[in-house]
Amino acid sequence: MITAEQKPMDEIREAKAPYRRILVLGCGSCVAECASGGEKETGMLASALRMAAKMEERVGEIVEGAALLPRPA
């Protein structure tokens, strides 16, 4: 059984601090089922990061996407 959980927002914001361009990429498989990294959660995280950047008056670009990788045979 695979389980996943999102990192705390403060940890994510700290990790992305030195970068101006961010890709938030989710997966439509296991983490989507755990509600921690699917397309919906990816969109919510990207939106939260955009709002935080505006509040901090930081200029940058945050792009979001999701992928569904084939399961190994």
# chains A, B, ... in the order shown; residues from 1 in each chain; ligands from 1
call {"tool": "residues_around", "arguments": {"residues": "range 42-44 of chain A", "least_positions_apart": "3", "cutoff": "8 Å", "atoms": "only C-alpha atoms", "output": "PyMOL selection string"}}
result
chain A and resi 24-26+37-39+47-48+64-66
call {"tool": "select_by_dssp", "arguments": {"residues": "chain A", "states": "strand (DSSP E)", "output": "NGL selection string"}}
result
:A and (21-27 or 61-67)
call {"tool": "write_last_selection", "arguments": {"atoms": "N, CA and C atoms", "output": "mmCIF file, in the first residue's frame"}}
result
data_model
loop_
_atom_site.group_PDB
_atom_site.id
_atom_site.type_symbol
_atom_site.label_atom_id
_atom_site.label_comp_id
_atom_site.auth_asym_id
_atom_site.auth_seq_id
_atom_site.Cartn_x
_atom_site.Cartn_y
_atom_site.Cartn_z
ATOM 1 N N ARG A 21 11.226 30.665 -11.172
ATOM 2 C CA ARG A 21 10.323 29.855 -11.990
ATOM 3 C C ARG A 21 10.135 28.510 -11.309
ATOM 4 N N ILE A 22 8.876 28.149 -11.066
ATOM 5 C CA ILE A 22 8.542 26.924 -10.340
ATOM 6 C C ILE A 22 7.569 26.095 -11.174
ATOM 7 N N LEU A 23 7.816 24.792 -11.252
ATOM 8 C CA LEU A 23 6.883 23.855 -11.863
ATOM 9 C C LEU A 23 6.293 23.000 -10.746
ATOM 10 N N VAL A 24 4.989 23.061 -10.584
ATOM 11 C CA VAL A 24 4.289 22.234 -9.602
ATOM 12 C C VAL A 24 3.663 21.095 -10.394
ATOM 13 N N LEU A 25 4.173 19.890 -10.209
ATOM 14 C CA LEU A 25 3.752 18.751 -11.009
ATOM 15 C C LEU A 25 3.158 17.681 -10.116
ATOM 16 N N GLY A 26 1.985 17.230 -10.464
ATOM 17 C CA GLY A 26 1.316 16.179 -9.706
ATOM 18 C C GLY A 26 1.179 14.928 -10.546
ATOM 19 N N CYS A 27 0.704 13.881 -9.922
ATOM 20 C CA CYS A 27 0.524 12.598 -10.599
ATOM 21 C C CYS A 27 -0.935 12.165 -10.437
ATOM 22 N N GLU A 61 7.209 33.059 -11.795
ATOM 23 C CA GLU A 61 6.240 32.308 -12.590
ATOM 24 C C GLU A 61 6.047 30.940 -11.951
ATOM 25 N N ILE A 62 4.794 30.557 -11.759
ATOM 26 C CA ILE A 62 4.466 29.252 -11.211
ATOM 27 C C ILE A 62 3.583 28.548 -12.226
ATOM 28 N N VAL A 63 4.068 27.429 -12.737
ATOM 29 C CA VAL A 63 3.359 26.649 -13.743
ATOM 30 C C VAL A 63 2.929 25.345 -13.094
ATOM 31 N N GLU A 64 1.735 24.885 -13.421
ATOM 32 C CA GLU A 64 1.244 23.642 -12.830
ATOM 33 C C GLU A 64 0.910 22.636 -13.915
ATOM 34 N N GLY A 65 0.945 21.367 -13.543
ATOM 35 C CA GLY A 65 0.607 20.310 -14.475
ATOM 36 C C GLY A 65 0.430 19.002 -13.729
ATOM 37 N N ALA A 66 -0.088 18.024 -14.423
ATOM 38 C CA ALA A 66 -0.264 16.691 -13.850
ATOM 39 C C ALA A 66 0.021 15.656 -14.920
ATOM 40 N N ALA A 67 0.446 14.502 -14.494
ATOM 41 C CA ALA A 67 0.778 13.428 -15.425
ATOM 42 C C ALA A 67 0.243 12.115 -14.883
#
call {"tool": "select_by_dssp", "arguments": {"residues": "chain A", "states": "alpha helix (DSSP H)", "output": "tab-separated table (two decimals) with N, CA and C atoms, in the first residue's frame"}}
result
chain	number	residue	atom	x	y	z
A	9	MET	N	3.28	23.88	4.10
A	9	MET	CA	3.42	25.01	3.18
A	9	MET	C	4.68	25.81	3.48
A	10	ASP	N	5.01	26.01	4.75
A	10	ASP	CA	6.22	26.77	5.09
A	10	ASP	C	7.47	26.10	4.54
A	11	GLU	N	7.52	24.78	4.59
A	11	GLU	CA	8.67	24.04	4.07
A	11	GLU	C	8.76	24.19	2.55
A	12	ILE	N	7.64	24.16	1.88
A	12	ILE	CA	7.62	24.32	0.42
A	12	ILE	C	8.06	25.73	0.05
A	13	ARG	N	7.52	26.73	0.74
A	13	ARG	CA	7.89	28.12	0.45
A	13	ARG	C	9.37	28.36	0.69
A	14	GLU	N	9.92	27.77	1.74
A	14	GLU	CA	11.35	27.93	2.02
A	14	GLU	C	12.20	27.28	0.94
A	15	ALA	N	11.79	26.11	0.48
A	15	ALA	CA	12.55	25.39	-0.55
A	15	ALA	C	12.54	26.12	-1.88
A	16	LYS	N	11.45	26.81	-2.21
A	16	LYS	CA	11.35	27.48	-3.50
A	16	LYS	C	11.88	28.92	-3.47
A	30	CYS	N	-1.20	7.15	-7.73
A	30	CYS	CA	-1.22	6.84	-6.28
A	30	CYS	C	-1.50	8.06	-5.40
A	31	VAL	N	-0.74	9.15	-5.63
A	31	VAL	CA	-0.92	10.32	-4.75
A	31	VAL	C	-2.26	11.02	-4.99
A	32	ALA	N	-2.86	10.81	-6.15
A	32	ALA	CA	-4.20	11.34	-6.38
A	32	ALA	C	-5.20	10.61	-5.49
A	33	GLU	N	-5.02	9.30	-5.35
A	33	GLU	CA	-5.89	8.51	-4.49
A	33	GLU	C	-5.73	8.88	-3.03
A	39	GLU	N	-4.10	16.01	-9.53
A	39	GLU	CA	-4.33	17.24	-10.30
A	39	GLU	C	-4.99	18.32	-9.46
A	40	LYS	N	-5.98	17.95	-8.66
A	40	LYS	CA	-6.69	18.92	-7.81
A	40	LYS	C	-5.74	19.55	-6.79
A	41	GLU	N	-4.95	18.72	-6.11
A	41	GLU	CA	-4.03	19.22	-5.09
A	41	GLU	C	-2.91	20.05	-5.71
A	42	THR	N	-2.48	19.67	-6.92
A	42	THR	CA	-1.46	20.43	-7.62
A	42	THR	C	-1.96	21.84	-7.92
A	43	GLY	N	-3.20	21.94	-8.39
A	43	GLY	CA	-3.78	23.24	-8.66
A	43	GLY	C	-3.93	24.09	-7.41
A	44	MET	N	-4.34	23.45	-6.32
A	44	MET	CA	-4.49	24.19	-5.06
A	44	MET	C	-3.14	24.68	-4.55
A	45	LEU	N	-2.11	23.85	-4.64
A	45	LEU	CA	-0.77	24.25	-4.19
A	45	LEU	C	-0.23	25.39	-5.05
A	46	ALA	N	-0.37	25.27	-6.36
A	46	ALA	CA	0.10	26.33	-7.26
A	46	ALA	C	-0.61	27.64	-6.96
A	47	SER	N	-1.90	27.58	-6.71
A	47	SER	CA	-2.67	28.78	-6.38
A	47	SER	C	-2.19	29.39	-5.06
A	48	ALA	N	-1.96	28.56	-4.06
A	48	ALA	CA	-1.47	29.05	-2.76
A	48	ALA	C	-0.09	29.68	-2.91
A	49	LEU	N	0.76	29.09	-3.72
A	49	LEU	CA	2.10	29.66	-3.94
A	49	LEU	C	2.01	31.00	-4.67
A	50	ARG	N	1.09	31.11	-5.63
A	50	ARG	CA	0.91	32.39	-6.33
A	50	ARG	C	0.43	33.47	-5.37
A	51	MET	N	-0.53	33.13	-4.52
A	51	MET	CA	-1.04	34.11	-3.54
A	51	MET	C	0.07	34.53	-2.58
A	52	ALA	N	0.87	33.58	-2.11
A	52	ALA	CA	1.97	33.91	-1.19
A	52	ALA	C	2.98	34.82	-1.88
A	53	ALA	N	3.28	34.55	-3.15
A	53	ALA	CA	4.23	35.39	-3.89
A	53	ALA	C	3.69	36.81	-4.03
A	54	LYS	N	2.40	36.96	-4.29
A	54	LYS	CA	1.82	38.30	-4.40
A	54	LYS	C	1.88	39.04	-3.07
A	55	MET	N	1.60	38.32	-1.99
A	55	MET	CA	1.65	38.95	-0.66
A	55	MET	C	3.07	39.38	-0.30
call {"tool": "decode", "arguments": {"residues": "range 25-47 of chain A", "atoms": "N, CA and C atoms", "output": "mmCIF file, in the first residue's frame"}}
result
data_model
loop_
_atom_site.group_PDB
_atom_site.id
_atom_site.type_symbol
_atom_site.label_atom_id
_atom_site.label_comp_id
_atom_site.auth_asym_id
_atom_site.auth_seq_id
_atom_site.Cartn_x
_atom_site.Cartn_y
_atom_site.Cartn_z
ATOM 1 N N LEU A 25 4.173 19.890 -10.209
ATOM 2 C CA LEU A 25 3.752 18.751 -11.009
ATOM 3 C C LEU A 25 3.158 17.681 -10.116
ATOM 4 N N GLY A 26 1.985 17.230 -10.464
ATOM 5 C CA GLY A 26 1.316 16.179 -9.706
ATOM 6 C C GLY A 26 1.179 14.928 -10.546
ATOM 7 N N CYS A 27 0.704 13.881 -9.922
ATOM 8 C CA CYS A 27 0.524 12.598 -10.599
ATOM 9 C C CYS A 27 -0.935 12.165 -10.437
ATOM 10 N N GLY A 28 -1.507 11.609 -11.463
ATOM 11 C CA GLY A 28 -2.895 11.185 -11.416
ATOM 12 C C GLY A 28 -3.071 9.754 -10.947
ATOM 13 N N SER A 29 -2.075 9.209 -10.288
ATOM 14 C CA SER A 29 -2.134 7.814 -9.873
ATOM 15 C C SER A 29 -2.214 7.711 -8.346
ATOM 16 N N CYS A 30 -1.201 7.147 -7.726
ATOM 17 C CA CYS A 30 -1.219 6.844 -6.285
ATOM 18 C C CYS A 30 -1.503 8.059 -5.404
ATOM 19 N N VAL A 31 -0.742 9.152 -5.628
ATOM 20 C CA VAL A 31 -0.922 10.316 -4.754
ATOM 21 C C VAL A 31 -2.256 11.018 -4.990
ATOM 22 N N ALA A 32 -2.860 10.812 -6.152
ATOM 23 C CA ALA A 32 -4.201 11.344 -6.380
ATOM 24 C C ALA A 32 -5.202 10.607 -5.494
ATOM 25 N N GLU A 33 -5.017 9.299 -5.353
ATOM 26 C CA GLU A 33 -5.893 8.506 -4.493
ATOM 27 C C GLU A 33 -5.730 8.881 -3.026
ATOM 28 N N CYS A 34 -4.512 9.291 -2.636
ATOM 29 C CA CYS A 34 -4.247 9.705 -1.251
ATOM 30 C C CYS A 34 -4.659 11.157 -1.016
ATOM 31 N N ALA A 35 -5.098 11.846 -2.065
ATOM 32 C CA ALA A 35 -5.468 13.265 -2.008
ATOM 33 C C ALA A 35 -4.311 14.115 -1.496
ATOM 34 N N SER A 36 -3.105 13.798 -1.998
ATOM 35 C CA SER A 36 -1.950 14.581 -1.563
ATOM 36 C C SER A 36 -1.101 15.103 -2.714
ATOM 37 N N GLY A 37 -1.412 14.732 -3.942
ATOM 38 C CA GLY A 37 -0.580 15.209 -5.043
ATOM 39 C C GLY A 37 -1.164 14.985 -6.412
ATOM 40 N N GLY A 38 -2.466 14.841 -6.487
ATOM 41 C CA GLY A 38 -3.126 14.681 -7.778
ATOM 42 C C GLY A 38 -3.337 16.024 -8.457
ATOM 43 N N GLU A 39 -4.096 16.013 -9.529
ATOM 44 C CA GLU A 39 -4.330 17.239 -10.303
ATOM 45 C C GLU A 39 -4.990 18.324 -9.456
ATOM 46 N N LYS A 40 -5.978 17.951 -8.655
ATOM 47 C CA LYS A 40 -6.686 18.919 -7.811
ATOM 48 C C LYS A 40 -5.742 19.553 -6.787
ATOM 49 N N GLU A 41 -4.954 18.720 -6.115
ATOM 50 C CA GLU A 41 -4.034 19.215 -5.090
ATOM 51 C C GLU A 41 -2.910 20.053 -5.708
ATOM 52 N N THR A 42 -2.485 19.669 -6.918
ATOM 53 C CA THR A 42 -1.460 20.430 -7.623
ATOM 54 C C THR A 42 -1.963 21.840 -7.923
ATOM 55 N N GLY A 43 -3.197 21.936 -8.385
ATOM 56 C CA GLY A 43 -3.785 23.243 -8.661
ATOM 57 C C GLY A 43 -3.932 24.086 -7.411
ATOM 58 N N MET A 44 -4.337 23.452 -6.321
ATOM 59 C CA MET A 44 -4.493 24.192 -5.062
ATOM 60 C C MET A 44 -3.139 24.682 -4.546
ATOM 61 N N LEU A 45 -2.106 23.845 -4.641
ATOM 62 C CA LEU A 45 -0.774 24.250 -4.188
ATOM 63 C C LEU A 45 -0.234 25.389 -5.048
ATOM 64 N N ALA A 46 -0.375 25.275 -6.364
ATOM 65 C CA ALA A 46 0.100 26.334 -7.258
ATOM 66 C C ALA A 46 -0.613 27.643 -6.957
ATOM 67 N N SER A 47 -1.903 27.582 -6.711
ATOM 68 C CA SER A 47 -2.667 28.784 -6.380
ATOM 69 C C SER A 47 -2.186 29.395 -5.058
#
